Amino acid sequence: MNIRQPISNLMTKSIITVSPNDTLEDVKKIFSQHRIHHLPVVRYKELIGMVSKSDFLHFIKKEYDEDDRFEYSTRLRVFKVADIMVEKLVKLSPDDKVDVALELFKENLFHAIPITKEQELVGVLTPYDIITALLKENTVPTNN
């Protein structure tokens, strides 16, 4: 893999997002219906935060009393994305090189890096995206 290629070649461009006013019930539905682990939080098209599946599950587990299902479902409707999102994010540009992202993943243990252009979210890069690209490059076609 050419690690000097732009991130835009590998990033996921079709992104599911939430707004800061969406409920945690909305977040739960998205995580259960899609194979994703990070939800960018946008206001209009501007990235303002991120909710990871791990943070969501940790928050729910911390707040959840297993003996009270009613309270659990009420909390999902009452708490908003803004209550649990991470706001201080490292962002990269689509023109930044893959090696920069690799270093960020390695040094900071990030699992997703939002990609922005002029404050607008244009993609997300994850280790999965990089692994998928590596596998595509190194897969030997079989003769059947």
# chains A, B, ... in the order shown; residues from 1 in each chain; ligands from 1
>>> residues_around(residues="range 114-117 of chain A", least_positions_apart="3", cutoff="9 Å", atoms="only C-alpha atoms", output="PyMOL selection string")
chain A and resi 7-8+11+40+46-47+50+89-94+120-126
>>> residues_around(residues="range 134-138 of chain A", least_positions_apart="2", cutoff="12 Å", atoms="only C-alpha atoms", output="list of chain:residue names")
A:Met1, A:Asn2, A:Ile3, A:Leu10, A:Pro127, A:Tyr128, A:Asp129, A:Ile130, A:Ile131, A:Thr132, A:Val140, A:Pro141
>>> write_last_selection(atoms="C-alpha atoms", output="PDB file, in the first residue's frame")
ATOM      1  CA  MET A   1       0.000   0.000   0.000  1.00  0.00           C
ATOM      2  CA  ASN A   2       1.200   3.456  -0.817  1.00  0.00           C
ATOM      3  CA  ILE A   3       0.987   5.182   2.557  1.00  0.00           C
ATOM      4  CA  LEU A  10      -9.555   5.037   1.542  1.00  0.00           C
ATOM      5  CA  PRO A 127      -8.504   0.981  10.748  1.00  0.00           C
ATOM      6  CA  TYR A 128     -11.116  -1.211   9.051  1.00  0.00           C
ATOM      7  CA  ASP A 129     -10.907   1.002   5.936  1.00  0.00           C
ATOM      8  CA  ILE A 130      -7.125   0.574   5.857  1.00  0.00           C
ATOM      9  CA  ILE A 131      -7.289  -3.196   6.433  1.00  0.00           C
ATOM     10  CA  THR A 132      -9.902  -3.531   3.672  1.00  0.00           C
ATOM     11  CA  VAL A 140      -4.525 -13.120  -5.307  1.00  0.00           C
ATOM     12  CA  PRO A 141      -7.255 -14.072  -7.772  1.00  0.00           C
TER      13      PRO A 141
END
>>> residues_around(residues="Phe56 in chain A", least_positions_apart="4", cutoff="9 Å", atoms="only C-alpha atoms", output="PyMOL selection string")
chain A and resi 24+27-28+51-52+60-61+84-85
>>> write_last_selection(atoms="N, CA and C atoms", output="short mmCIF file (atom, residue, chain, number, x, y, z; two decimals), in the first residue's frame")
data_model
loop_
_atom_site.label_atom_id
_atom_site.label_comp_id
_atom_site.auth_asym_id
_atom_site.auth_seq_id
_atom_site.Cartn_x
_atom_site.Cartn_y
_atom_site.Cartn_z
N LEU A 24 -30.80 9.33 22.66
CA LEU A 24 -30.01 8.11 22.73
C LEU A 24 -30.79 6.92 22.19
N VAL A 27 -29.75 6.85 18.67
CA VAL A 27 -28.40 6.28 18.59
C VAL A 27 -28.46 4.76 18.71
N LYS A 28 -29.23 4.26 19.65
CA LYS A 28 -29.37 2.82 19.85
C LYS A 28 -29.90 2.15 18.57
N VAL A 51 -19.87 10.18 18.67
CA VAL A 51 -20.34 9.21 19.66
C VAL A 51 -19.86 7.84 19.21
N SER A 52 -19.12 7.17 20.07
CA SER A 52 -18.69 5.81 19.75
C SER A 52 -19.67 4.83 20.38
N ILE A 60 -24.89 3.84 28.95
CA ILE A 60 -26.13 3.11 29.24
C ILE A 60 -25.92 2.15 30.40
N LYS A 61 -24.81 1.44 30.41
CA LYS A 61 -24.54 0.49 31.49
C LYS A 61 -24.42 1.22 32.83
N ILE A 84 -23.55 12.93 25.65
CA ILE A 84 -22.48 11.92 25.71
C ILE A 84 -21.41 12.06 24.62
N MET A 85 -21.60 12.98 23.68
CA MET A 85 -20.64 13.08 22.57
C MET A 85 -19.29 13.63 23.03
#
>>> atom_distance(atom1="CA of Val42 in chain A", atom2="CA of Ser19 in chain A")
5.3 Å
>>> closest_residue(among="A:Gln33, A:Gln119, A:Glu25, A:Val78", to="Leu57 in chain A", atoms="only C-alpha atoms")
A:Glu25
>>> closest_residue(among="A:Val41, A:Thr139, A:Asn108, A:Asp22", to="Phe79 in chain A", atoms="only C-alpha atoms")
A:Asp22
>>> residues_around(residues="Pro6 in chain A", least_positions_apart="3", cutoff="6 Å", atoms="only C-alpha atoms", output="list in words")
Asn9, Asp95, Asp96, Lys97 and Val98 of chain A
>>> write_last_selection(atoms="C-alpha atoms", output="PDB file, in the first residue's frame")
ATOM      1  CA  ASN A   9      -8.737   7.183  -1.505  1.00  0.00           C
ATOM      2  CA  ASP A  95      -5.656  15.516   1.124  1.00  0.00           C
ATOM      3  CA  ASP A  96      -3.694  14.363   4.194  1.00  0.00           C
ATOM      4  CA  LYS A  97      -1.685  11.222   3.593  1.00  0.00           C
ATOM      5  CA  VAL A  98      -2.474   7.757   4.929  1.00  0.00           C
TER       6      VAL A  98
END
>>> select_by_dssp(residues="range 2-144 of chain A", states="strand (DSSP E)", output="list in words")
His38, Leu39, Pro40, Val41, Val42, Arg43, Glu46, Leu47, Ile48, Gly49, Met50, Val51, Ser52, Ile113, Pro114, Ile115, Thr116, Lys117, Glu120, Leu121, Val122, Gly123, Val124 and Leu125 of chain A
>>> residues_around(residues="Ile16 in chain A", least_positions_apart="2", cutoff="8 Å", atoms="only C-alpha atoms", output="number ranges by chain")
A: 14, 18, 39-40
>>> select_by_dssp(residues="range 88-135 of chain A", states="alpha helix (DSSP H)", output="ChimeraX atom specification")
/A:98-108,127-135
>>> write_last_selection(atoms="N, CA and C atoms", output="PDB file, in the first residue's frame")
ATOM      1  N   VAL A  98      -2.130   8.914   4.107  1.00  0.00           N
ATOM      2  CA  VAL A  98      -2.474   7.757   4.929  1.00  0.00           C
ATOM      3  C   VAL A  98      -1.483   7.578   6.065  1.00  0.00           C
ATOM      4  N   ASP A  99      -0.183   7.858   5.824  1.00  0.00           N
ATOM      5  CA  ASP A  99       0.805   7.672   6.892  1.00  0.00           C
ATOM      6  C   ASP A  99       0.531   8.567   8.102  1.00  0.00           C
ATOM      7  N   VAL A 100      -0.043   9.734   7.877  1.00  0.00           N
ATOM      8  CA  VAL A 100      -0.406  10.627   8.987  1.00  0.00           C
ATOM      9  C   VAL A 100      -1.502   9.966   9.829  1.00  0.00           C
ATOM     10  N   ALA A 101      -2.490   9.408   9.160  1.00  0.00           N
ATOM     11  CA  ALA A 101      -3.575   8.721   9.872  1.00  0.00           C
ATOM     12  C   ALA A 101      -3.050   7.504  10.628  1.00  0.00           C
ATOM     13  N   LEU A 102      -2.163   6.754   9.999  1.00  0.00           N
ATOM     14  CA  LEU A 102      -1.587   5.578  10.673  1.00  0.00           C
ATOM     15  C   LEU A 102      -0.880   5.971  11.964  1.00  0.00           C
ATOM     16  N   GLU A 103      -0.143   7.049  11.913  1.00  0.00           N
ATOM     17  CA  GLU A 103       0.554   7.532  13.108  1.00  0.00           C
ATOM     18  C   GLU A 103      -0.453   7.937  14.194  1.00  0.00           C
ATOM     19  N   LEU A 104      -1.514   8.602  13.791  1.00  0.00           N
ATOM     20  CA  LEU A 104      -2.548   8.993  14.767  1.00  0.00           C
ATOM     21  C   LEU A 104      -3.209   7.763  15.392  1.00  0.00           C
ATOM     22  N   PHE A 105      -3.539   6.780  14.575  1.00  0.00           N
ATOM     23  CA  PHE A 105      -4.126   5.548  15.110  1.00  0.00           C
ATOM     24  C   PHE A 105      -3.170   4.883  16.095  1.00  0.00           C
ATOM     25  N   LYS A 106      -1.907   4.828  15.742  1.00  0.00           N
ATOM     26  CA  LYS A 106      -0.907   4.150  16.576  1.00  0.00           C
ATOM     27  C   LYS A 106      -0.669   4.883  17.893  1.00  0.00           C
ATOM     28  N   GLU A 107      -0.468   6.183  17.830  1.00  0.00           N
ATOM     29  CA  GLU A 107      -0.088   6.957  19.017  1.00  0.00           C
ATOM     30  C   GLU A 107      -1.251   7.268  19.948  1.00  0.00           C
ATOM     31  N   ASN A 108      -2.446   7.399  19.399  1.00  0.00           N
ATOM     32  CA  ASN A 108      -3.577   7.860  20.209  1.00  0.00           C
ATOM     33  C   ASN A 108      -4.647   6.810  20.442  1.00  0.00           C
ATOM     34  N   PRO A 127      -9.450   2.061  11.059  1.00  0.00           N
ATOM     35  CA  PRO A 127      -8.504   0.981  10.748  1.00  0.00           C
ATOM     36  C   PRO A 127      -9.131  -0.064   9.813  1.00  0.00           C
ATOM     37  N   TYR A 128     -10.418  -0.276   9.930  1.00  0.00           N
ATOM     38  CA  TYR A 128     -11.116  -1.211   9.051  1.00  0.00           C
ATOM     39  C   TYR A 128     -10.963  -0.797   7.586  1.00  0.00           C
ATOM     40  N   ASP A 129     -11.076   0.512   7.309  1.00  0.00           N
ATOM     41  CA  ASP A 129     -10.907   1.002   5.936  1.00  0.00           C
ATOM     42  C   ASP A 129      -9.505   0.672   5.409  1.00  0.00           C
ATOM     43  N   ILE A 130      -8.511   0.839   6.253  1.00  0.00           N
ATOM     44  CA  ILE A 130      -7.125   0.574   5.857  1.00  0.00           C
ATOM     45  C   ILE A 130      -6.902  -0.924   5.657  1.00  0.00           C
ATOM     46  N   ILE A 131      -7.421  -1.740   6.554  1.00  0.00           N
ATOM     47  CA  ILE A 131      -7.289  -3.196   6.433  1.00  0.00           C
ATOM     48  C   ILE A 131      -7.986  -3.682   5.158  1.00  0.00           C
ATOM     49  N   THR A 132      -9.171  -3.151   4.881  1.00  0.00           N
ATOM     50  CA  THR A 132      -9.902  -3.531   3.672  1.00  0.00           C
ATOM     51  C   THR A 132      -9.097  -3.195   2.417  1.00  0.00           C
ATOM     52  N   ALA A 133      -8.495  -2.012   2.388  1.00  0.00           N
ATOM     53  CA  ALA A 133      -7.676  -1.607   1.234  1.00  0.00           C
ATOM     54  C   ALA A 133      -6.455  -2.516   1.085  1.00  0.00           C
ATOM     55  N   LEU A 134      -5.826  -2.848   2.201  1.00  0.00           N
ATOM     56  CA  LEU A 134      -4.674  -3.762   2.153  1.00  0.00           C
ATOM     57  C   LEU A 134      -5.071  -5.128   1.607  1.00  0.00           C
ATOM     58  N   LEU A 135      -6.196  -5.639   2.066  1.00  0.00           N
ATOM     59  CA  LEU A 135      -6.656  -6.944   1.602  1.00  0.00           C
ATOM     60  C   LEU A 135      -6.986  -6.926   0.110  1.00  0.00           C
TER      61      LEU A 135
END
